[in-house]
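Structure file input21.cif (mmCIF, C-alpha atoms) follows.
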data_structure
loop_
_atom_site.label_atom_id
_atom_site.label_comp_id
_atom_site.auth_asym_id
_atom_site.auth_seq_id
_atom_site.Cartn_x
_atom_site.Cartn_y
_atom_site.Cartn_z
CA MET M 4 3.11 -23.70 -16.74
CA ARG M 5 2.56 -27.04 -15.10
CA SER M 6 5.23 -29.66 -14.74
CA SER M 7 5.17 -33.37 -14.14
CA ARG M 8 7.95 -35.61 -12.86
CA SER M 9 9.24 -38.53 -14.93
CA ASP M 10 10.42 -41.88 -13.62
CA ASN M 11 14.08 -40.83 -13.52
CA GLY M 12 13.35 -37.84 -11.30
CA SER M 13 13.93 -35.07 -13.87
CA LEU M 14 11.25 -32.45 -14.58
CA VAL M 15 9.33 -32.67 -17.85
CA SER M 16 7.22 -29.68 -18.96
CA SER M 17 3.63 -29.92 -20.15
CA PRO M 18 2.66 -29.69 -23.86
CA THR M 19 1.70 -26.54 -25.78
CA THR M 20 -1.81 -25.07 -25.48
CA VAL M 21 -3.41 -21.96 -27.02
CA GLY M 22 -5.52 -19.02 -25.80
CA GLY M 23 -3.35 -17.52 -23.07
CA GLN M 24 -2.12 -20.87 -21.73
CA ALA M 25 1.57 -21.59 -21.30
CA ALA M 26 3.31 -23.67 -23.91
CA THR M 27 6.79 -25.05 -23.27
CA GLN M 28 9.25 -24.92 -26.16
CA ASN M 29 12.40 -26.03 -24.49
CA ALA M 30 13.17 -26.72 -20.81
CA SER M 31 16.59 -27.38 -19.40
CA THR M 32 16.57 -30.45 -17.19
CA ARG M 33 18.84 -31.16 -14.26
CA ASN M 34 19.04 -34.06 -11.90
CA ALA M 35 18.04 -32.52 -8.55
CA ALA M 36 18.81 -35.67 -6.51
CA GLY M 37 15.41 -35.42 -4.93
CA GLN M 38 15.85 -31.83 -3.74
CA GLY M 39 13.25 -29.26 -4.85
CA ALA M 40 15.54 -26.30 -4.14
CA ALA M 41 17.87 -27.17 -7.01
CA SER M 42 15.02 -27.65 -9.48
CA GLN M 43 13.62 -24.21 -8.61
CA ASN M 44 16.71 -22.67 -10.23
CA THR M 45 16.45 -24.72 -13.43
CA ALA M 46 16.27 -22.51 -16.53
CA THR M 47 12.94 -22.74 -18.33
CA GLN M 48 11.45 -21.27 -21.47
CA VAL M 49 7.74 -21.06 -22.28
CA VAL M 50 5.56 -19.54 -24.98
CA LEU M 51 2.32 -17.81 -24.07
CA ALA M 52 -0.22 -17.45 -26.87
CA PHE M 53 -3.09 -14.93 -26.73
CA ASP M 54 -5.84 -15.39 -29.32
CA ASP M 55 -7.12 -11.77 -29.45
CA ASN M 56 -4.56 -9.54 -31.15
CA ARG M 57 -6.16 -6.30 -29.92
CA LEU M 58 -6.22 -7.40 -26.29
CA ALA M 59 -2.72 -8.83 -26.62
CA SER M 60 -1.49 -5.41 -27.79
CA VAL M 61 -3.04 -3.75 -24.72
CA LEU M 62 -1.59 -6.46 -22.49
CA PHE M 63 1.94 -5.96 -23.78
CA GLY M 64 1.67 -2.18 -23.38
CA GLN M 65 2.83 0.67 -25.58
CA TYR M 66 6.24 -0.23 -26.98
CA GLY M 67 6.12 -3.35 -24.78
CA GLN M 68 6.39 -1.37 -21.53
CA ASN M 69 4.27 -3.88 -19.57
CA LEU M 70 6.49 -6.74 -20.69
CA ALA M 71 9.54 -4.68 -19.75
CA LEU M 72 8.11 -4.21 -16.25
CA VAL M 73 7.51 -7.96 -15.93
CA GLU M 74 11.09 -8.61 -17.05
CA ARG M 75 12.57 -6.12 -14.59
CA ARG M 76 10.52 -7.19 -11.57
CA LEU M 77 10.59 -10.98 -12.06
CA GLY M 78 14.06 -11.42 -13.53
CA VAL M 79 12.94 -13.05 -16.78
CA VAL M 80 13.34 -12.30 -20.48
CA ALA M 81 10.06 -11.77 -22.39
CA GLU M 82 10.23 -11.52 -26.18
CA GLN M 83 7.09 -10.59 -28.12
CA ARG M 84 6.38 -12.13 -31.51
CA GLY M 85 2.97 -11.11 -32.77
CA ASN M 86 0.43 -12.29 -30.21
CA HIS M 87 2.93 -14.72 -28.66
CA VAL M 88 5.37 -14.06 -25.82
CA ASN M 89 8.46 -16.15 -25.30
CA VAL M 90 9.37 -16.06 -21.57
CA ALA M 91 12.72 -17.44 -20.39
CA GLY M 92 14.33 -17.53 -16.98
CA SER M 93 14.26 -19.46 -13.73
CA ARG M 94 11.34 -21.79 -13.09
CA ASP M 95 9.86 -19.57 -10.38
CA GLY M 96 10.27 -16.42 -12.45
CA VAL M 97 8.71 -17.94 -15.55
CA GLU M 98 5.80 -19.38 -13.57
CA ARG M 99 5.10 -16.03 -11.93
CA ALA M 100 5.33 -14.21 -15.27
CA ARG M 101 2.84 -16.70 -16.72
CA ARG M 102 0.38 -16.11 -13.88
CA VAL M 103 0.76 -12.33 -14.24
CA LEU M 104 0.21 -12.21 -18.00
CA GLU M 105 -2.63 -14.73 -18.08
CA GLY M 106 -4.38 -13.05 -15.14
CA LEU M 107 -4.17 -9.62 -16.79
CA TYR M 108 -5.37 -11.07 -20.09
CA GLU M 109 -8.45 -12.50 -18.36
CA ARG M 110 -9.20 -9.05 -16.94
CA LEU M 111 -9.01 -7.55 -20.42
CA LYS M 112 -11.36 -10.22 -21.75
CA ARG M 113 -13.88 -9.18 -19.07
CA GLY M 114 -13.70 -5.60 -20.37
CA ASP M 115 -11.54 -4.13 -17.60
CA GLU M 116 -9.07 -1.33 -18.27
CA LEU M 117 -5.37 -1.93 -17.75
CA VAL M 118 -2.84 0.60 -16.49
CA SER M 119 0.76 0.18 -15.38
CA GLY M 120 -0.32 0.12 -11.72
CA ASP M 121 -2.47 -2.94 -12.44
CA VAL M 122 0.55 -4.70 -13.91
CA GLU M 123 2.61 -3.89 -10.82
CA GLY M 124 -0.23 -5.13 -8.62
CA ALA M 125 -0.44 -8.42 -10.52
CA ILE M 126 3.32 -8.86 -10.16
CA ARG M 127 3.18 -8.28 -6.41
CA LEU M 128 0.30 -10.75 -6.13
CA ALA M 129 2.30 -13.40 -7.99
CA ILE M 130 5.28 -12.82 -5.71
CA ALA M 131 3.06 -13.02 -2.62
CA GLN M 132 1.57 -16.33 -3.81
CA GLY M 133 4.97 -17.98 -3.55
CA SER M 134 7.11 -20.14 -5.77
CA LEU M 135 6.11 -22.80 -8.24
CA PHE M 136 6.41 -25.52 -5.61
CA ASP M 137 4.48 -23.57 -2.93
CA TYR M 138 1.68 -22.36 -5.20
CA ASP M 139 -1.58 -24.29 -5.00
CA PRO M 140 -4.21 -23.13 -7.55
CA ALA M 141 -6.98 -24.74 -5.50
CA THR M 142 -6.27 -22.70 -2.36
CA ALA M 143 -4.50 -19.57 -3.69
CA ARG M 144 -6.54 -16.38 -3.94
CA PRO M 145 -7.00 -15.45 -7.62
CA SER M 146 -6.48 -11.74 -6.92
CA PHE M 147 -6.21 -9.11 -4.23
CA GLU M 148 -9.37 -7.62 -2.74
CA GLU M 149 -11.30 -5.11 -4.84
CA ILE M 150 -13.87 -2.37 -4.28
CA ASN M 151 -16.65 -2.32 -6.89
CA LEU M 152 -17.89 1.16 -7.72
CA ARG M 153 -20.33 2.39 -10.35
CA LYS M 154 -17.61 4.20 -12.26
CA ARG M 155 -14.99 1.44 -12.14
CA PRO M 156 -13.58 -1.25 -9.87
CA VAL M 157 -10.67 -0.44 -7.55
CA ARG M 158 -8.23 -3.28 -6.88
CA ALA M 159 -5.58 -3.56 -4.23
CA ARG M 160 -2.12 -3.61 -5.76
CA THR M 161 -0.04 -4.70 -2.77
CA ALA M 162 -0.42 -7.09 0.14
CA ALA M 163 -0.72 -4.10 2.50
CA GLN M 164 -3.52 -2.59 0.41
CA ASP M 165 -5.23 -5.98 0.39
CA ALA M 166 -5.07 -6.12 4.19
CA TYR M 167 -6.26 -2.50 4.34
CA ILE M 168 -9.44 -3.22 2.34
CA ARG M 169 -10.20 -6.27 4.48
CA ALA M 170 -9.69 -4.19 7.63
CA LEU M 171 -12.02 -1.47 6.29
CA ARG M 172 -14.74 -4.05 5.80
CA ARG M 173 -14.22 -5.66 9.19
CA HIS M 174 -13.71 -2.73 11.59
CA ALA M 175 -15.63 0.45 12.39
CA LEU M 176 -12.37 2.35 13.02
CA VAL M 177 -9.25 1.80 10.91
CA PHE M 178 -5.85 3.48 11.03
CA GLY M 179 -3.78 3.45 7.84
CA THR M 180 -0.23 4.67 8.40
CA GLY M 181 2.84 4.71 6.19
CA PRO M 182 4.80 6.71 3.62
CA ALA M 183 3.38 8.81 0.82
CA GLY M 184 2.20 7.12 -2.36
CA THR M 185 0.93 3.89 -0.80
CA GLY M 186 -2.78 4.52 -1.54
CA LYS M 187 -3.98 5.06 2.04
CA THR M 188 -6.25 8.02 1.27
CA TRP M 189 -7.33 6.79 -2.16
CA LEU M 190 -8.56 3.44 -0.85
CA ALA M 191 -10.24 5.12 2.13
CA VAL M 192 -12.21 7.34 -0.26
CA ALA M 193 -13.02 4.34 -2.49
CA HIS M 194 -14.43 2.43 0.49
CA ALA M 195 -16.45 5.47 1.56
CA VAL M 196 -17.86 5.89 -1.96
CA GLN M 197 -18.85 2.22 -2.09
CA LEU M 198 -20.78 2.46 1.19
CA PHE M 199 -22.40 5.70 -0.01
CA GLU M 200 -23.46 4.21 -3.35
CA ARG M 201 -24.91 1.17 -1.61
CA LYS M 202 -26.93 3.48 0.69
CA GLU M 203 -25.28 1.90 3.74
CA VAL M 204 -24.44 5.41 4.96
CA ASP M 205 -26.04 8.79 4.30
CA ARG M 206 -22.95 10.99 4.19
CA ILE M 207 -19.23 11.14 3.54
CA ILE M 208 -17.44 13.52 5.91
CA LEU M 209 -13.94 14.68 5.01
CA SER M 210 -11.58 16.33 7.48
CA ARG M 211 -7.94 17.12 8.07
CA PRO M 212 -5.94 19.47 10.28
CA ALA M 213 -5.17 22.86 8.72
CA VAL M 214 -1.41 22.68 9.14
CA GLU M 215 0.91 23.89 6.38
CA ALA M 216 3.93 21.81 5.38
CA GLY M 217 6.59 24.12 6.82
CA GLU M 218 5.09 27.28 5.28
CA ARG M 219 2.82 30.08 6.45
CA LEU M 220 0.15 30.75 3.83
CA GLY M 221 -1.50 33.54 5.83
CA PHE M 222 -5.13 34.59 5.45
CA LEU M 223 -7.15 32.56 2.92
CA PRO M 224 -10.17 34.30 1.33
CA GLY M 225 -13.62 32.80 0.79
CA ASP M 226 -16.14 30.80 2.79
CA MET M 227 -15.35 27.79 4.98
CA ARG M 228 -15.20 25.33 2.09
CA GLU M 229 -12.96 27.61 0.02
CA LYS M 230 -10.60 28.07 2.95
CA VAL M 231 -10.26 24.32 3.54
CA ASP M 232 -10.24 23.26 -0.15
CA PRO M 233 -6.45 23.61 -0.62
CA TYR M 234 -5.83 21.21 2.26
CA LEU M 235 -8.33 18.62 0.97
CA ARG M 236 -7.24 18.63 -2.66
CA PRO M 237 -5.94 15.01 -2.57
CA ILE M 238 -9.34 13.79 -1.34
CA TYR M 239 -11.16 15.82 -4.02
CA ASP M 240 -8.88 14.28 -6.65
CA ALA M 241 -9.79 10.80 -5.38
CA LEU M 242 -13.52 11.63 -5.42
CA ASP M 243 -13.32 12.91 -9.00
CA ASP M 244 -11.44 9.78 -10.00
CA LEU M 245 -13.94 7.41 -8.38
CA MET M 246 -17.28 9.20 -8.90
CA ASP M 247 -18.96 11.15 -11.69
CA ALA M 248 -18.01 14.82 -11.36
CA ARG M 249 -21.66 15.96 -11.49
CA ILE M 250 -22.60 13.60 -8.64
CA VAL M 251 -19.69 14.86 -6.56
CA GLU M 252 -20.68 18.50 -7.07
CA ARG M 253 -24.34 17.84 -6.29
CA ALA M 254 -23.41 15.85 -3.16
CA LEU M 255 -21.20 18.73 -1.98
CA GLN M 256 -24.08 21.16 -2.45
CA THR M 257 -26.63 18.98 -0.61
CA GLY M 258 -24.25 18.13 2.23
CA GLU M 259 -24.10 14.41 1.41
CA ILE M 260 -20.37 14.99 1.03
CA GLU M 261 -19.38 17.34 3.83
CA ILE M 262 -16.17 19.24 4.42
CA ALA M 263 -15.73 19.40 8.20
CA PRO M 264 -12.64 21.24 9.48
CA LEU M 265 -11.19 19.40 12.45
CA ALA M 266 -11.27 22.53 14.61
CA PHE M 267 -15.09 22.72 14.37
CA MET M 268 -15.93 19.09 15.16
CA ARG M 269 -16.11 19.37 18.93
CA GLY M 270 -19.58 18.55 20.29
CA ARG M 271 -20.81 16.79 17.15
CA THR M 272 -22.03 13.18 16.86
CA LEU M 273 -21.33 11.79 13.40
CA ALA M 274 -23.99 9.12 12.75
CA ASN M 275 -24.78 7.18 9.54
CA ALA M 276 -21.61 8.44 7.89
CA VAL M 277 -18.13 7.51 6.73
CA VAL M 278 -15.66 9.92 8.30
CA ILE M 279 -12.16 10.27 6.84
CA LEU M 280 -9.39 12.11 8.67
CA ASP M 281 -6.44 12.64 6.36
CA GLU M 282 -2.92 13.83 7.30
CA ALA M 283 -3.68 12.76 10.87
CA GLN M 284 -0.01 12.92 11.85
CA ASN M 285 -0.53 16.69 12.18
CA THR M 286 -3.23 16.40 14.85
CA THR M 287 -2.38 17.05 18.46
CA ALA M 288 -3.17 14.44 21.12
CA MET M 289 -6.26 16.38 22.26
CA GLN M 290 -7.50 16.88 18.69
CA MET M 291 -7.19 13.17 17.96
CA LYS M 292 -9.08 12.20 21.13
CA MET M 293 -11.80 14.72 20.30
CA PHE M 294 -12.09 13.40 16.72
CA LEU M 295 -12.24 9.71 17.63
CA THR M 296 -15.00 10.30 20.17
CA ARG M 297 -17.27 11.83 17.47
CA LEU M 298 -18.09 8.32 16.15
CA GLY M 299 -21.87 7.77 16.14
CA GLU M 300 -24.25 4.92 15.32
CA ASN M 301 -23.83 3.13 11.99
CA SER M 302 -20.70 5.11 11.18
CA ARG M 303 -17.23 4.20 10.01
CA MET M 304 -14.10 6.17 10.72
CA ILE M 305 -10.87 6.01 8.70
CA VAL M 306 -7.71 7.77 9.90
CA THR M 307 -4.72 8.06 7.56
CA GLY M 308 -1.32 9.65 7.96
CA ASP M 309 2.43 9.44 7.51
CA PRO M 310 4.24 9.45 10.89
CA SER M 311 7.47 10.53 9.18
CA GLN M 312 5.99 13.82 7.91
CA VAL M 313 4.87 15.62 11.08
CA ASP M 314 4.52 19.41 10.63
CA LEU M 315 3.55 20.20 14.23
CA PRO M 316 5.63 22.72 16.21
CA PRO M 317 8.66 21.20 17.98
CA GLY M 318 7.81 19.56 21.27
CA GLN M 319 4.20 18.65 20.39
CA THR M 320 3.28 14.96 20.30
CA SER M 321 1.52 13.70 17.18
CA GLY M 322 -2.01 12.56 17.98
CA LEU M 323 -1.71 9.80 15.39
CA ALA M 324 1.37 8.28 17.03
CA GLU M 325 -0.24 8.40 20.45
CA ALA M 326 -3.57 6.97 19.25
CA THR M 327 -2.03 4.01 17.43
CA ARG M 328 0.02 3.24 20.54
CA LEU M 329 -2.82 3.51 23.04
CA LEU M 330 -5.44 1.73 20.90
CA ARG M 331 -3.20 -1.05 19.61
CA ASN M 332 -5.08 -3.91 21.30
CA VAL M 333 -8.58 -2.42 21.46
CA GLU M 334 -11.21 -4.72 19.96
CA GLY M 335 -12.97 -3.38 16.86
CA ILE M 336 -10.06 -1.17 15.75
CA GLY M 337 -7.85 -2.07 12.79
CA HIS M 338 -4.39 -0.75 12.01
CA VAL M 339 -2.53 -1.37 8.74
CA VAL M 340 1.08 -0.22 8.41
CA TYR M 341 2.55 0.47 4.97
CA THR M 342 6.25 0.47 4.10
CA ALA M 343 8.37 1.79 1.24
CA GLU M 344 7.77 -1.51 -0.57
CA ASP M 345 4.06 -0.61 -0.84
CA VAL M 346 4.58 2.66 -2.73
CA ILE M 347 2.58 2.53 -5.97
CA ARG M 348 3.50 5.89 -7.48
CA HIS M 349 6.53 6.25 -9.72
CA GLU M 350 9.09 3.59 -8.79
CA LEU M 351 11.54 6.37 -7.88
CA VAL M 352 9.22 7.38 -5.02
CA ALA M 353 9.81 4.02 -3.32
CA ARG M 354 13.57 4.51 -3.59
CA ILE M 355 13.32 8.06 -2.26
CA VAL M 356 11.22 6.95 0.73
CA ASP M 357 13.62 4.08 1.40
CA ALA M 358 16.63 6.43 1.30
CA TYR M 359 15.02 8.82 3.79
CA ASP M 360 14.01 5.93 6.07
CA LYS M 361 17.57 4.60 6.09
CA ALA M 362 18.94 8.07 6.86
CA ALA M 363 16.45 8.49 9.71
CA LEU M 364 17.37 5.08 11.11
CA LYS M 365 21.07 5.89 10.88
CA ALA M 366 20.51 9.22 12.66
CA ALA M 367 18.47 7.51 15.38
CA LYS M 368 21.24 4.95 15.96
CA ALA M 369 23.85 7.70 16.04
CA GLY M 370 21.75 9.55 18.62
CA GLU M 371 21.46 6.42 20.75
CA ASN M 372 25.22 5.84 20.59
CA LYS M 373 25.89 9.49 21.50
CA ALA M 374 23.50 9.27 24.45
CA ARG M 375 25.13 6.02 25.56
CA GLU M 376 28.60 7.60 25.38
CA ASN M 377 27.40 10.64 27.34
CA ASN M 378 25.88 8.42 30.02
CA ALA M 379 29.05 6.36 30.23
CA GLY M 380 31.13 9.56 30.52
CA GLU M 381 28.85 10.94 33.24
CA ASN M 382 29.02 7.66 35.16
CA LYS M 383 32.79 7.56 34.91
CA ALA M 384 33.08 11.17 36.04
CA GLY M 385 30.80 10.41 38.96
CA GLU M 386 32.90 7.41 39.94
CA ASN M 387 36.10 9.50 39.79
CA LYS M 388 34.49 12.23 41.88
CA ALA M 389 33.39 9.65 44.46
CA ARG M 390 36.96 8.24 44.64
CA GLU M 391 38.42 11.71 45.13
CA ASN M 392 35.94 12.47 47.91
CA SER M 393 36.67 9.13 49.55
CA ALA M 394 40.45 9.70 49.38
CA ARG M 395 40.07 13.22 50.83
CA GLU M 396 37.96 11.92 53.72
CA SER M 397 40.48 9.17 54.51
CA LYS M 398 43.31 11.73 54.69
CA GLU M 399 41.30 13.90 56.99
#
Could you express the structure from this file as C-alpha cells?
Amino acid sequence: MRSSRSDNGSLVSSPTTVGGQAATQNASTRNAAGQGAASQNTATQVVLAFDDNRLASVLFGQYGQNLALVERRLGVVAEQRGNHVNVAGSRDGVERARRVLEGLYERLKRGDELVSGDVEGAIRLAIAQGSLFDYDPATARPSFEEINLRKRPVRARTAAQDAYIRALRRHALVFGTGPAGTGKTWLAVAHAVQLFERKEVDRIILSRPAVEAGERLGFLPGDMREKVDPYLRPIYDALDDLMDARIVERALQTGEIEIAPLAFMRGRTLANAVVILDEAQNTTAMQMKMFLTRLGENSRMIVTGDPSQVDLPPGQTSGLAEATRLLRNVEGIGHVVYTAEDVIRHELVARIVDAYDKAALKAAKAGENKARENNAGENKAGENKARENSARESKE
C-alpha cells in the first residue's frame, strides 16, 4: 500500500489495483499536525487481490492457517473472500502484511514451495525492514539471503540466519552459537552441500564429540560409522533433506562425505573440504584447539553449539566458550549469536527457551547477590575482629 499526502496534511490512500497489489477500500484519516508518529497508528483497511485461485489457496494455507499466522504476528485482521484478502489494522501492520503476502505470492508464481516456516521468515523480514515511513523499496533488500541447491533453495528465515549465511560466505571459520531450533546445523550443512555441488570442495567432513546428554549408553556395536551414527543423526537428517538420498549414500561410501569422530582427528590436515563440528559446547578446551588447527588449504570450518546445554563433567571448561572468547577479534573468523527470538521450530520452543533463559539469569543474579552478601559479612567480621584485637592490645 502506498500513500500520498493531500494539501490539508491528511493521508489519502492509493487506488485499487489487481494481481496481488494492495487496494484500499476505506482508510481512517486523522490530522497528525505534521507528526508522522500519530499517522503511524491510524487505522487502515486494504484489499489484496490475487489473480491465480490455486496459488491464492496455497498462499492462504490450509484452513487459512497462514493468514492466521500473519494476523497473530503483525496484529492485523485478515479476512479471506475468494481470492481476495481484506486486511485491517494499524498502518504499519497493514503495510507489513501486504509486503508479506505479496512477497510470498511472487515466490509461488516462480514455482517455489511454501511452508509455514517460509511465512514466518517473510514476517520477520517485513518486521526487520521497518515501518511504513522507514521502508524504502529502492534500498530495502527484497528477501533474506538464500542458498541455492539442486534439490531446492534454502532461505534464511530470521535476521540472525541471514547474518549467518553472509558470514559463511565471507569467512573460512565461522562459529554459530545459540539455543536449539535456530537452524545453526541445518544452514551449516546447506552451505557445505552448496560448495560440494559447485565442486569448490572435494569433501564434506562431519564431526561431533561423543558425549551423551546426561546418560550412559554403554558399548555401541558395529563399525566406526555405526558407533557414531546416533550422535550425528541431526546432520544426516539435514543431508537427506537437502540432497538426493542416493547421492548421500554413494558419497558416504566413496568418502566424499566423511564421518570423522573428534577423538581421531589429531594429526590430520583437512584440505579441500568443508568441516562441520556440531554440538561443540561438549568439547574440552584441548579438543577444540586440536580441531581448529586441522584447517587446511581451500577448506572451510563451521562450528555450531548451544552454550546453555553443556554435558561435560562438572569443573571442565567448554571448548566452545573458550574459543569464542579467545578468537573474538581474530581476522577471518566469524561469529553469529542466536537468541530465543530466532527459534524457527514450533513457536512453543521459543517460549520454552526464553523461560529457561530467564530462570538461568535469575539464578545467576541470585548467586551474585549471595556472593556479595557473603563478602560483606566476611568484611564486617574481619573489621570486628580487628577492633577486638586493637582494644585488647590497648588494654595490655
Proximity to M:Val73 - best of M:Leu295, M:Ala374, M:Val88, M:Val122, all atoms listed in the file: M:Val122
I'd like a table as CSV: residues in stretch 193-302 of chain M with an atom no more than 6 Å from stretch 306-315 of chain M, each row giving the shortest atom pair and its distance in Å to one decimal, only C-alpha atoms counted, sorted by chain and rising residue number.
residue,atom,partner,partner_atom,distance
M:Ala216,CA,M:Asp314,CA,5.8
M:Ile279,CA,M:Val306,CA,6.0
M:Leu280,CA,M:Val306,CA,4.8
M:Asp281,CA,M:Thr307,CA,5.0
M:Glu282,CA,M:Gly308,CA,4.5
M:Ala283,CA,M:Gly308,CA,4.9
M:Gln284,CA,M:Gly308,CA,5.2
M:Asn285,CA,M:Val313,CA,5.6
What is the distance, in Å and to one decimal place, between atom CA of M:Asn275 and atom CA of M:His174? 15.0 Å
Gap from atom CA of M:Gly85 to atom CA of M:Asn56 - Å, one decimal: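 Rounded to one decimal, the two atoms are 7.9 Å apart.
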At a cut-off of 10 Å around the point (-5.3, 12.1, 19.1) (file coordinates), what residues fall inside when counting only C-alpha atoms? I'd like the answer as a PyMOL selection string. chain M and resi 283-296+320-327+329
Can I get the selection written as a JSON list (two decimals), in the coordinates of the input, with C-alpha atoms?
[["chain", "number", "residue", "atom", "x", "y", "z"],
["M", 283, "ALA", "CA", -3.68, 12.76, 10.87],
["M", 284, "GLN", "CA", -0.01, 12.92, 11.85],
["M", 285, "ASN", "CA", -0.53, 16.69, 12.18],
["M", 286, "THR", "CA", -3.23, 16.40, 14.85],
["M", 287, "THR", "CA", -2.38, 17.05, 18.46],
["M", 288, "ALA", "CA", -3.17, 14.44, 21.12],
["M", 289, "MET", "CA", -6.26, 16.38, 22.26],
["M", 290, "GLN", "CA", -7.50, 16.88, 18.69],
["M", 291, "MET", "CA", -7.19, 13.17, 17.96],
["M", 292, "LYS", "CA", -9.08, 12.20, 21.13],
["M", 293, "MET", "CA", -11.80, 14.72, 20.30],
["M", 294, "PHE", "CA", -12.09, 13.40, 16.72],
["M", 295, "LEU", "CA", -12.24, 9.71, 17.63],
["M", 296, "THR", "CA", -15.00, 10.30, 20.17],
["M", 320, "THR", "CA", 3.28, 14.96, 20.30],
["M", 321, "SER", "CA", 1.52, 13.70, 17.18],
["M", 322, "GLY", "CA", -2.01, 12.56, 17.98],
["M", 323, "LEU", "CA", -1.71, 9.80, 15.39],
["M", 324, "ALA", "CA", 1.37, 8.28, 17.03],
["M", 325, "GLU", "CA", -0.24, 8.40, 20.45],
["M", 326, "ALA", "CA", -3.57, 6.97, 19.25],
["M", 327, "THR", "CA", -2.03, 4.01, 17.43],
["M", 329, "LEU", "CA", -2.82, 3.51, 23.04]]
Interface rows for stretch 71-160 of chain M against stretch 238-259 of chain M: nearest pair, Å to one decimal, 10 Å, all atoms listed in the file, as a Markdown table:
| residue | atom | partner | partner_atom | distance |
| --- | --- | --- | --- | --- |
| M:Leu152 | CA | M:Leu245 | CA | 7.4 |
| M:Arg153 | CA | M:Met246 | CA | 7.6 |
| M:Lys154 | CA | M:Met246 | CA | 6.0 |
| M:Arg155 | CA | M:Leu245 | CA | 7.1 |
| M:Pro156 | CA | M:Leu245 | CA | 8.8 |
| M:Val157 | CA | M:Leu245 | CA | 8.5 |
From the list M:Ala358, M:Arg271, M:Met304, M:Arg101, which residue is nearest M:Arg173 when using all atoms listed in the file?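 Ranking M:Ala358, M:Arg271, M:Met304, M:Arg101 by distance to M:Arg173, first place goes to M:Met304.
The residue that comes closest to M:Ala166, out of M:Arg110, M:Arg94, M:Arg99, M:Lys187 and on the basis of only C-alpha atoms, is M:Lys187.
Residue neighbourhood of M:Glu344, excluding near-sequence residues (fewer than 5 positions): Thr161, Thr185, Ala353, Arg354 and Asp357 of chain M, at 9 Å, using all atoms listed in the file.
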Tell me which residues the PyMOL selection byres ((chain M and resi 81) around 12) grabs here, as a ChimeraX atom specification. /M:48-51,63,67-80,82-84,87-92,96-97,100-101,104
What separates atom CA of M:Arg206 and atom CA of M:Ile305 is a distance of 13.8 Å
Output as JSON lines one row per residue of stretch 260-319 of chain M within 7 Å of stretch 207-210 of chain M: the closest atom pair and its distance in Å to one decimal place, counting only C-alpha atoms, sorted by chain and residue number ascending.
{"residue": "M:Ile260", "atom": "CA", "partner": "M:Ile207", "partner_atom": "CA", "distance": 4.7}
{"residue": "M:Glu261", "atom": "CA", "partner": "M:Ile208", "partner_atom": "CA", "distance": 4.8}
{"residue": "M:Ile262", "atom": "CA", "partner": "M:Leu209", "partner_atom": "CA", "distance": 5.1}
{"residue": "M:Ala263", "atom": "CA", "partner": "M:Ser210", "partner_atom": "CA", "distance": 5.2}
{"residue": "M:Pro264", "atom": "CA", "partner": "M:Ser210", "partner_atom": "CA", "distance": 5.4}
{"residue": "M:Leu265", "atom": "CA", "partner": "M:Ser210", "partner_atom": "CA", "distance": 5.9}
{"residue": "M:Ala276", "atom": "CA", "partner": "M:Ile207", "partner_atom": "CA", "distance": 5.6}
{"residue": "M:Val277", "atom": "CA", "partner": "M:Ile207", "partner_atom": "CA", "distance": 5.0}
{"residue": "M:Val278", "atom": "CA", "partner": "M:Ile208", "partner_atom": "CA", "distance": 4.7}
{"residue": "M:Ile279", "atom": "CA", "partner": "M:Leu209", "partner_atom": "CA", "distance": 5.1}
{"residue": "M:Leu280", "atom": "CA", "partner": "M:Ser210", "partner_atom": "CA", "distance": 4.9}
{"residue": "M:Asp281", "atom": "CA", "partner": "M:Ser210", "partner_atom": "CA", "distance": 6.4}
Here's the selection I'm unsure about, the PyMOL selection byres ((chain M and resi 274) around 9); applied to the file above, which residues does it give, as a ChimeraX atom specification? /M:204-206,272-273,275-277,297-303
Please evaluate the PyMOL selection byres ((chain M and resi 130) around 10) against the displayed coordinates and give the resulting residues as a compact mmCIF listing (two decimals) with C-alpha atoms, in the coordinates of the input.
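The resulting file, expr.txt, is shown below:
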# COMPACT_ATOMS: atom_id res chain seq x y z
CA ARG M 76 10.52 -7.19 -11.57
CA LEU M 77 10.59 -10.98 -12.06
CA ASP M 95 9.86 -19.57 -10.38
CA GLY M 96 10.27 -16.42 -12.45
CA ARG M 99 5.10 -16.03 -11.93
CA ALA M 100 5.33 -14.21 -15.27
CA VAL M 103 0.76 -12.33 -14.24
CA GLY M 124 -0.23 -5.13 -8.62
CA ALA M 125 -0.44 -8.42 -10.52
CA ILE M 126 3.32 -8.86 -10.16
CA ARG M 127 3.18 -8.28 -6.41
CA LEU M 128 0.30 -10.75 -6.13
CA ALA M 129 2.30 -13.40 -7.99
CA ALA M 131 3.06 -13.02 -2.62
CA GLN M 132 1.57 -16.33 -3.81
CA GLY M 133 4.97 -17.98 -3.55
CA SER M 134 7.11 -20.14 -5.77
CA ALA M 162 -0.42 -7.09 0.14
Please identify all polymer residues within 8 Å of M:Leu117, counting all atoms listed in the file, omitting same-chain residues fewer than 4 positions from it, and present them as a PyMOL selection string. chain M and resi 61-62+107+111+121-122
Expected axis-aligned box over every listed atom of stretch 170-185 of chain M, 6 Å added per side, centre plus edges in Å to one decimal, as AutoDock Vina command-line options:
--center_x -5.4 --center_y 1.6 --center_z 5.3 --size_x 32.4 --size_y 26.5 --size_z 27.4
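Residue nearest M:Arg172 within the list M:Glu98, M:Ser393, M:Glu123, M:Ile336: M:Ile336 [criterion: smallest interatomic distance, all atoms listed in the file].
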